[in-house]
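To start, the structure under review is shown below, and the notes come after it.
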Amino acid sequence: MAYQIPRGTQDLLPEKSYQWQALERTLREFCYLYNYDEIRTPVFEHTNVFKRENDSSDMVNKEMYTFQLENSKTSLTIRPEGTAGVVRSFVENKMYANPDLPVKLYYMGPMARHERPQKGRLRIFNQFGIECLGNKSPFTDVETIVLAFSILKALGLNDLKVCLNTLGDDASRAAYRQALQTYFEPYVDTLCSDCKRRYAQNPLRILDCKVDHDKECMKNVPKMKDYLNDESREYFETVCHLLDELEIPYAVDDQLVRGLDYYTHTVFEIVSMNQEMGAQSTVLAGGRYDHLIPYFGGPEQMSGIGWALGMERLLIALEAEGITLEEKPGLDAYLMCLDESARMYAFKILTQLRAYGYRCDMDMLQRSFKAQFKAVDRSHAKFALIIGEDERKNHLITIKNIEKKTQESISQDQLIEYLDHYFVDEDHH
RNA sequence: GCGGUUGUGGUGAAGUGGUUAACACAGCGGAUUGUGGCUCCGUCAUUCGCGCGUUCGAAUCGCGUCAGCCGCCCCA
């Protein structure tokens, strides 16, 4: 093989494309219902849109596809996530001036991260996400979670777990961070090498370390909730209360620390509990960010919240639960051309059928009668239209109902009427 | 970035140093010049991910490389 697709990328092949279209349709319908509008931002941005000061995440520091063209000083990065570009656009286009805040946006498209591929993880993968910008209210937080949960439920998923936590505001977080460092100080030497690094950089990450998870020192770690100031605690309690009111099931998980550094207050994840998911079972994740809009030059104090779902992972979760969204639909009719002298006649009929809105195709390989009939079967056509020398001479079409195995010859100008009768009157369409 | 595992036609898969690379499915042609899904016959990989090496001889052995899968890290 001379050419092959780059590692960790994949072609969306025709047999799967109907699944994707059905998924995209459902996502758009829900956004329409919740009054979210679509935004499309570039697949690459200036590198500093993603690489922000103080960001310690692997995604930003080790996994970005960053490039610089030979004759250019501009460093560009293929987007590893959707939020930064959307917030950049929100500010750049002064959408914060919209009288009706929050501005509610959704996006979908490919993201690129240089990671080692495995189940549920690709180097180019597709995310669908929403961002709700310019309003800070527990109702807004809950609206986004309800939207997320409703979409996954509507798609048919059952083995779901909604995990929820709060990171508090800056003051709460700083206090907690300090408390963790004080707590872990005597234990630093016993922690894994990654956690030694985390201890200094981002001690919150020690909490969800799998290596150190069962160690003695993990039992009495300080809890975030004990370091929340009143405002942060009340905000989170209201979010929980509203979810209870709406009967959205969730579990508060105080070990939940999102990977991206920009989150504040509410963070959440929806995980598929299905055994077949492999190690990457988080299907959807998001949270509130108080600092991103100001960072990009928008109004101080303006907050946003959003989430993203991995479309490939979602499709894995659906498959794991035996859910097929949509198969390729069969043809209305397949034209069999039995004699080359009749090809033009058949081709005109094909074109006419399409002009009338019928989904059809014809044999182009001059195959045997038998082979053409097999093609009819493979196309799952309702009708086979058999056209040869006799039909052409007499302006006839032999039409065979595949399911009923009945067939008759009709005149060429009766064909549309014949099909309309079948598809419209008998409601087979 | 680290570890494990795999790589033979459109698909599944045998072959572990010796002239023509099993077999099955799918495809195509025919038995049955215009009525399929059954049956039978025929046909379908100058080539075994790619490169280099060992050898008289390599799909089979060695090295390298690329890729798939699974896990770690991390994340959707």
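So you can find residues: chains in the structure tokens are A, B, ... in the order shown, residues in each start at 1, and ligands are numbered from 1 in order.
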
Can you work out which residues from chain B touch chain A at a cut-off of 12 Å (counting only C-alpha atoms (C1' of nucleotides)) and hand them back as a short mmCIF file (atom, residue, chain, number, x, y, z; two decimals) with N, CA and C atoms (P, O5', C5', C4', C3', O3' and C1' of nucleotides), in the first residue's frame?
```cif
data_model
loop_
_atom_site.label_atom_id
_atom_site.label_comp_id
_atom_site.auth_asym_id
_atom_site.auth_seq_id
_atom_site.Cartn_x
_atom_site.Cartn_y
_atom_site.Cartn_z
P G B 1 6.53 10.23 20.52
"O5'" G B 1 6.61 9.89 22.06
"C5'" G B 1 7.67 10.42 22.85
"C4'" G B 1 7.48 9.99 24.26
"C3'" G B 1 7.23 8.51 24.49
"O3'" G B 1 8.45 7.78 24.45
"C1'" G B 1 5.69 9.76 25.77
P C B 2 8.47 6.25 23.87
"O5'" C B 2 7.88 5.45 25.12
"C5'" C B 2 8.57 5.45 26.37
"C4'" C B 2 7.79 4.64 27.37
"C3'" C B 2 7.37 3.26 26.90
"O3'" C B 2 8.42 2.32 27.01
"C1'" C B 2 5.52 4.32 27.93
P A B 26 -21.82 -16.45 -0.72
"O5'" A B 26 -21.21 -15.01 -1.04
"C5'" A B 26 -21.68 -13.85 -0.35
"C4'" A B 26 -20.86 -12.65 -0.76
"C3'" A B 26 -20.81 -12.38 -2.27
"O3'" A B 26 -21.97 -11.70 -2.73
"C1'" A B 26 -18.64 -12.25 -1.39
P G B 27 -22.47 -11.94 -4.20
"O5'" G B 27 -21.25 -11.41 -5.07
"C5'" G B 27 -20.97 -10.02 -5.13
"C4'" G B 27 -19.85 -9.77 -6.10
"C3'" G B 27 -20.10 -10.29 -7.51
"O3'" G B 27 -20.87 -9.35 -8.26
"C1'" G B 27 -17.94 -10.93 -6.81
P C B 28 -21.93 -9.85 -9.28
"O5'" C B 28 -21.02 -10.40 -10.46
"C5'" C B 28 -20.25 -9.51 -11.24
"C4'" C B 28 -19.29 -10.29 -12.12
"C3'" C B 28 -19.94 -11.35 -13.01
"O3'" C B 28 -20.53 -10.77 -14.17
"C1'" C B 28 -18.05 -12.28 -11.98
P G B 29 -21.82 -11.45 -14.81
"O5'" G B 29 -21.20 -12.74 -15.52
"C5'" G B 29 -20.37 -12.58 -16.66
"C4'" G B 29 -19.88 -13.93 -17.11
"C3'" G B 29 -20.96 -14.98 -17.36
"O3'" G B 29 -21.56 -14.81 -18.63
"C1'" G B 29 -19.21 -15.94 -16.12
P G B 30 -23.05 -15.27 -18.84
"O5'" G B 30 -22.96 -16.86 -18.68
"C5'" G B 30 -22.44 -17.65 -19.73
"C4'" G B 30 -22.24 -19.08 -19.29
"C3'" G B 30 -23.49 -19.91 -19.02
"O3'" G B 30 -24.09 -20.35 -20.22
"C1'" G B 30 -21.86 -20.35 -17.36
P U B 32 -28.95 -25.50 -19.87
"O5'" U B 32 -29.32 -23.97 -20.06
"C5'" U B 32 -30.67 -23.51 -20.42
"C4'" U B 32 -31.04 -22.33 -19.54
"C3'" U B 32 -29.96 -21.24 -19.54
"O3'" U B 32 -30.45 -20.08 -20.21
"C1'" U B 32 -30.73 -21.77 -17.31
P U B 33 -30.92 -20.26 -21.76
"O5'" U B 33 -30.22 -18.94 -22.27
"C5'" U B 33 -30.86 -17.73 -22.31
"C4'" U B 33 -29.81 -16.73 -22.70
"C3'" U B 33 -30.46 -15.39 -22.87
"O3'" U B 33 -29.84 -14.48 -21.97
"C1'" U B 33 -29.65 -16.24 -24.97
P G B 34 -30.30 -14.49 -20.43
"O5'" G B 34 -31.70 -13.79 -20.36
"C5'" G B 34 -32.90 -14.59 -20.45
"C4'" G B 34 -34.00 -13.71 -19.94
"C3'" G B 34 -35.37 -14.35 -20.12
"O3'" G B 34 -35.86 -14.67 -18.80
"C1'" G B 34 -35.31 -12.01 -20.67
P U B 35 -36.26 -16.16 -18.39
"O5'" U B 35 -36.19 -16.17 -16.79
"C5'" U B 35 -34.96 -16.00 -16.09
"C4'" U B 35 -35.27 -15.12 -14.90
"C3'" U B 35 -36.26 -15.75 -13.92
"O3'" U B 35 -35.55 -15.94 -12.71
"C1'" U B 35 -36.85 -13.48 -14.48
P G B 36 -35.00 -17.16 -12.00
"O5'" G B 36 -34.01 -16.47 -10.97
"C5'" G B 36 -32.74 -16.00 -11.40
"C4'" G B 36 -32.12 -15.19 -10.31
"C3'" G B 36 -32.25 -15.79 -8.92
"O3'" G B 36 -31.17 -16.66 -8.70
"C1'" G B 36 -32.87 -13.51 -8.86
P G B 37 -31.36 -17.96 -7.84
"O5'" G B 37 -31.24 -17.51 -6.33
"C5'" G B 37 -30.03 -16.96 -5.80
"C4'" G B 37 -30.34 -16.42 -4.43
"C3'" G B 37 -30.84 -17.49 -3.47
"O3'" G B 37 -29.90 -17.67 -2.41
"C1'" G B 37 -32.38 -15.64 -3.60
P G B 49 2.39 -9.17 5.43
"O5'" G B 49 2.19 -7.60 5.20
"C5'" G B 49 1.14 -7.15 4.36
"C4'" G B 49 1.22 -5.66 4.29
"C3'" G B 49 2.53 -5.12 3.77
"O3'" G B 49 2.55 -5.10 2.37
"C1'" G B 49 1.91 -3.96 5.73
P C B 50 3.87 -5.50 1.55
"O5'" C B 50 4.85 -4.27 1.82
"C5'" C B 50 4.59 -2.98 1.29
"C4'" C B 50 5.57 -1.99 1.85
"C3'" C B 50 7.04 -2.38 1.71
"O3'" C B 50 7.54 -2.08 0.43
"C1'" C B 50 6.64 -1.65 3.91
P C B 66 8.05 4.74 12.34
"O5'" C B 66 6.76 4.32 11.49
"C5'" C B 66 6.47 4.95 10.25
"C4'" C B 66 5.34 4.23 9.56
"C3'" C B 66 4.08 4.01 10.38
"O3'" C B 66 3.26 5.17 10.44
"C1'" C B 66 4.63 2.00 9.31
P A B 67 2.37 5.42 11.74
"O5'" A B 67 1.25 4.28 11.59
"C5'" A B 67 0.28 4.36 10.56
"C4'" A B 67 -0.51 3.08 10.48
"C3'" A B 67 -1.30 2.69 11.72
"O3'" A B 67 -2.50 3.42 11.84
"C1'" A B 67 -0.16 0.80 10.90
P G B 68 -3.22 3.54 13.26
"O5'" G B 68 -3.90 2.11 13.42
"C5'" G B 68 -4.92 1.70 12.53
"C4'" G B 68 -5.35 0.30 12.88
"C3'" G B 68 -5.78 0.10 14.33
"O3'" G B 68 -7.11 0.52 14.53
"C1'" G B 68 -4.33 -1.64 13.70
P C B 69 -7.51 1.18 15.93
"O5'" C B 69 -7.52 -0.08 16.90
"C5'" C B 69 -8.42 -1.16 16.69
"C4'" C B 69 -8.05 -2.30 17.60
"C3'" C B 69 -7.96 -1.93 19.08
"O3'" C B 69 -9.23 -1.91 19.68
"C1'" C B 69 -6.06 -3.19 18.47
P C B 70 -9.52 -0.86 20.82
"O5'" C B 70 -8.69 -1.44 22.05
"C5'" C B 70 -9.10 -2.63 22.70
"C4'" C B 70 -8.09 -3.03 23.73
"C3'" C B 70 -7.74 -1.95 24.76
"O3'" C B 70 -8.72 -1.79 25.75
"C1'" C B 70 -5.78 -3.02 24.03
P G B 71 -8.91 -0.37 26.42
"O5'" G B 71 -7.61 -0.22 27.34
"C5'" G B 71 -7.49 -0.98 28.53
"C4'" G B 71 -6.09 -0.90 29.07
"C3'" G B 71 -5.59 0.45 29.57
"O3'" G B 71 -6.15 0.80 30.82
"C1'" G B 71 -3.87 -0.61 28.37
P C B 72 -6.20 2.30 31.27
"O5'" C B 72 -4.67 2.66 31.49
"C5'" C B 72 -3.95 2.17 32.61
"C4'" C B 72 -2.57 2.76 32.63
"C3'" C B 72 -2.51 4.28 32.74
"O3'" C B 72 -2.67 4.71 34.08
"C1'" C B 72 -0.99 3.56 31.08
P C B 73 -3.52 6.00 34.39
"O5'" C B 73 -2.68 7.16 33.70
"C5'" C B 73 -1.48 7.63 34.29
"C4'" C B 73 -0.81 8.59 33.33
"C3'" C B 73 -1.63 9.82 32.96
"O3'" C B 73 -1.52 10.85 33.93
"C1'" C B 73 -0.73 8.86 31.00
P C B 74 -2.84 11.47 34.56
"O5'" C B 74 -3.55 12.17 33.33
"C5'" C B 74 -3.01 13.38 32.78
"C4'" C B 74 -3.46 13.54 31.35
"C3'" C B 74 -4.92 13.92 31.14
"O3'" C B 74 -5.13 15.31 31.33
"C1'" C B 74 -4.33 12.19 29.65
P C B 75 -6.54 15.88 31.66
"O5'" C B 75 -7.42 15.35 30.43
"C5'" C B 75 -7.95 16.26 29.49
"C4'" C B 75 -8.46 15.53 28.29
"C3'" C B 75 -9.97 15.40 28.19
"O3'" C B 75 -10.54 16.54 27.58
"C1'" C B 75 -8.99 13.30 27.77
P A B 76 -12.00 17.03 27.98
"O5'" A B 76 -12.92 16.25 26.94
"C5'" A B 76 -14.27 16.65 26.77
"C4'" A B 76 -15.03 15.51 26.14
"C3'" A B 76 -14.80 14.18 26.84
"O3'" A B 76 -15.67 14.03 27.92
"C1'" A B 76 -14.57 13.94 24.49
#
```

With only C-alpha atoms (C1' of nucleotides) as the counted atoms, please give the residues lying no more than 8 Å from Leu292 (chain A), apart from itself and same-chain residues fewer than 6 positions off, as a VMD selection string. chain A and resid 84 87 262 303 to 304

Run DSSP on the backbone of this structure and report the residues of region 22-269 of chain A it assigns to alpha helix (DSSP H), as number ranges by chain. A: 22-33, 47-50, 58-62, 83-92, 138-154, 170-184, 193-201, 230-245

Between CA of Pro102 (chain A) and CA of Asn135 (chain A) - distance in Å to one decimal: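 So the answer is 5.0 Å.
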
Excluding same-chain residues fewer than 3 positions from Phe149 (chain A), what lies within 10 Å of it counting only C-alpha atoms (C1' of nucleotides), as a list in words?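 Listed by chain and then number, they are Glu143, Thr144, Ile145, Val146, Leu152, Lys153, Ala154, Leu157, Leu160, Lys161, Val162, Ile248, Pro249, Ile270 and Leu284 of chain A.
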
Near-Tyr36 (chain A) list (7 Å; only C-alpha atoms (C1' of nucleotides); drop same-chain fewer than 2 positions) as a count of residues only: 7

Residues near G12 (chain B), cut-off 12 Å, only C-alpha atoms (C1' of nucleotides), skip fewer than 2 positions along chain, as a list in words: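 Here the qualifying residues turn out to be U8, G9, G10, A14, C23, A24, C25 and A26 of chain B.
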
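Taking CA of Gly85 (chain A) and CA of Glu45 (chain A) as endpoints, the distance between them is 7.2 Å.
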
Filtered DSSP result for region 260-370 of chain A, state strand (DSSP E or B), as a PyMOL selection string: chain A and resi 264-272+282-289+304-310+333-337+360-362

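Reported to one decimal place, the separation of CA of Lys219 (chain A) from CA of Leu167 (chain A) is 19.9 Å.
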
Within 7 Å of region 324-333 of chain A, counting only C-alpha atoms (C1' of nucleotides), which residues show up once you throw out same-chain ones fewer than 4 positions away? Write them as a list in words, please.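 The contact residues come out as Tyr18, Gln19, Ala22, Glu319, Tyr358, Arg359, Cys360, Asp361, Ser379, His380, Ala381, Lys382, Phe383, Ala384 and Leu385 of chain A.
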
Convert the current residue selection to file output with N, CA and C atoms, as a short mmCIF file (atom, residue, chain, number, x, y, z; two decimals), in the first residue's frame.
```cif
data_model
loop_
_atom_site.label_atom_id
_atom_site.label_comp_id
_atom_site.auth_asym_id
_atom_site.auth_seq_id
_atom_site.Cartn_x
_atom_site.Cartn_y
_atom_site.Cartn_z
N TYR A 18 -24.82 7.16 7.45
CA TYR A 18 -26.23 7.39 7.81
C TYR A 18 -26.40 7.48 9.32
N GLN A 19 -25.58 6.73 10.06
CA GLN A 19 -25.57 6.83 11.53
C GLN A 19 -25.18 8.24 11.96
N ALA A 22 -27.87 10.78 11.23
CA ALA A 22 -28.99 10.67 12.16
C ALA A 22 -28.60 11.30 13.50
N GLU A 319 -23.58 1.72 20.19
CA GLU A 319 -23.37 0.37 19.68
C GLU A 319 -23.30 -0.63 20.82
N TYR A 358 -38.19 10.10 -7.17
CA TYR A 358 -37.96 8.71 -6.79
C TYR A 358 -36.47 8.40 -6.74
N ARG A 359 -36.12 7.70 -5.66
CA ARG A 359 -34.73 7.33 -5.42
C ARG A 359 -34.44 6.05 -6.18
N CYS A 360 -33.62 6.14 -7.22
CA CYS A 360 -33.43 4.95 -8.04
C CYS A 360 -32.04 4.93 -8.69
N ASP A 361 -31.73 3.80 -9.23
CA ASP A 361 -30.43 3.64 -9.88
C ASP A 361 -30.57 2.55 -10.93
N SER A 379 -29.60 -3.63 -3.33
CA SER A 379 -30.04 -2.23 -3.22
C SER A 379 -31.30 -2.10 -2.36
N HIS A 380 -31.88 -3.23 -1.98
CA HIS A 380 -33.13 -3.25 -1.21
C HIS A 380 -34.21 -2.42 -1.89
N ALA A 381 -34.25 -2.51 -3.19
CA ALA A 381 -35.25 -1.73 -3.94
C ALA A 381 -36.64 -2.35 -3.78
N LYS A 382 -37.64 -1.46 -3.79
CA LYS A 382 -39.03 -1.93 -3.74
C LYS A 382 -39.42 -2.55 -5.08
N PHE A 383 -38.93 -1.94 -6.15
CA PHE A 383 -39.29 -2.41 -7.49
C PHE A 383 -38.05 -2.65 -8.34
N ALA A 384 -38.15 -3.66 -9.17
CA ALA A 384 -37.18 -3.82 -10.25
C ALA A 384 -37.90 -3.41 -11.53
N LEU A 385 -37.27 -2.52 -12.27
CA LEU A 385 -37.84 -2.15 -13.57
C LEU A 385 -37.02 -2.85 -14.63
#
```
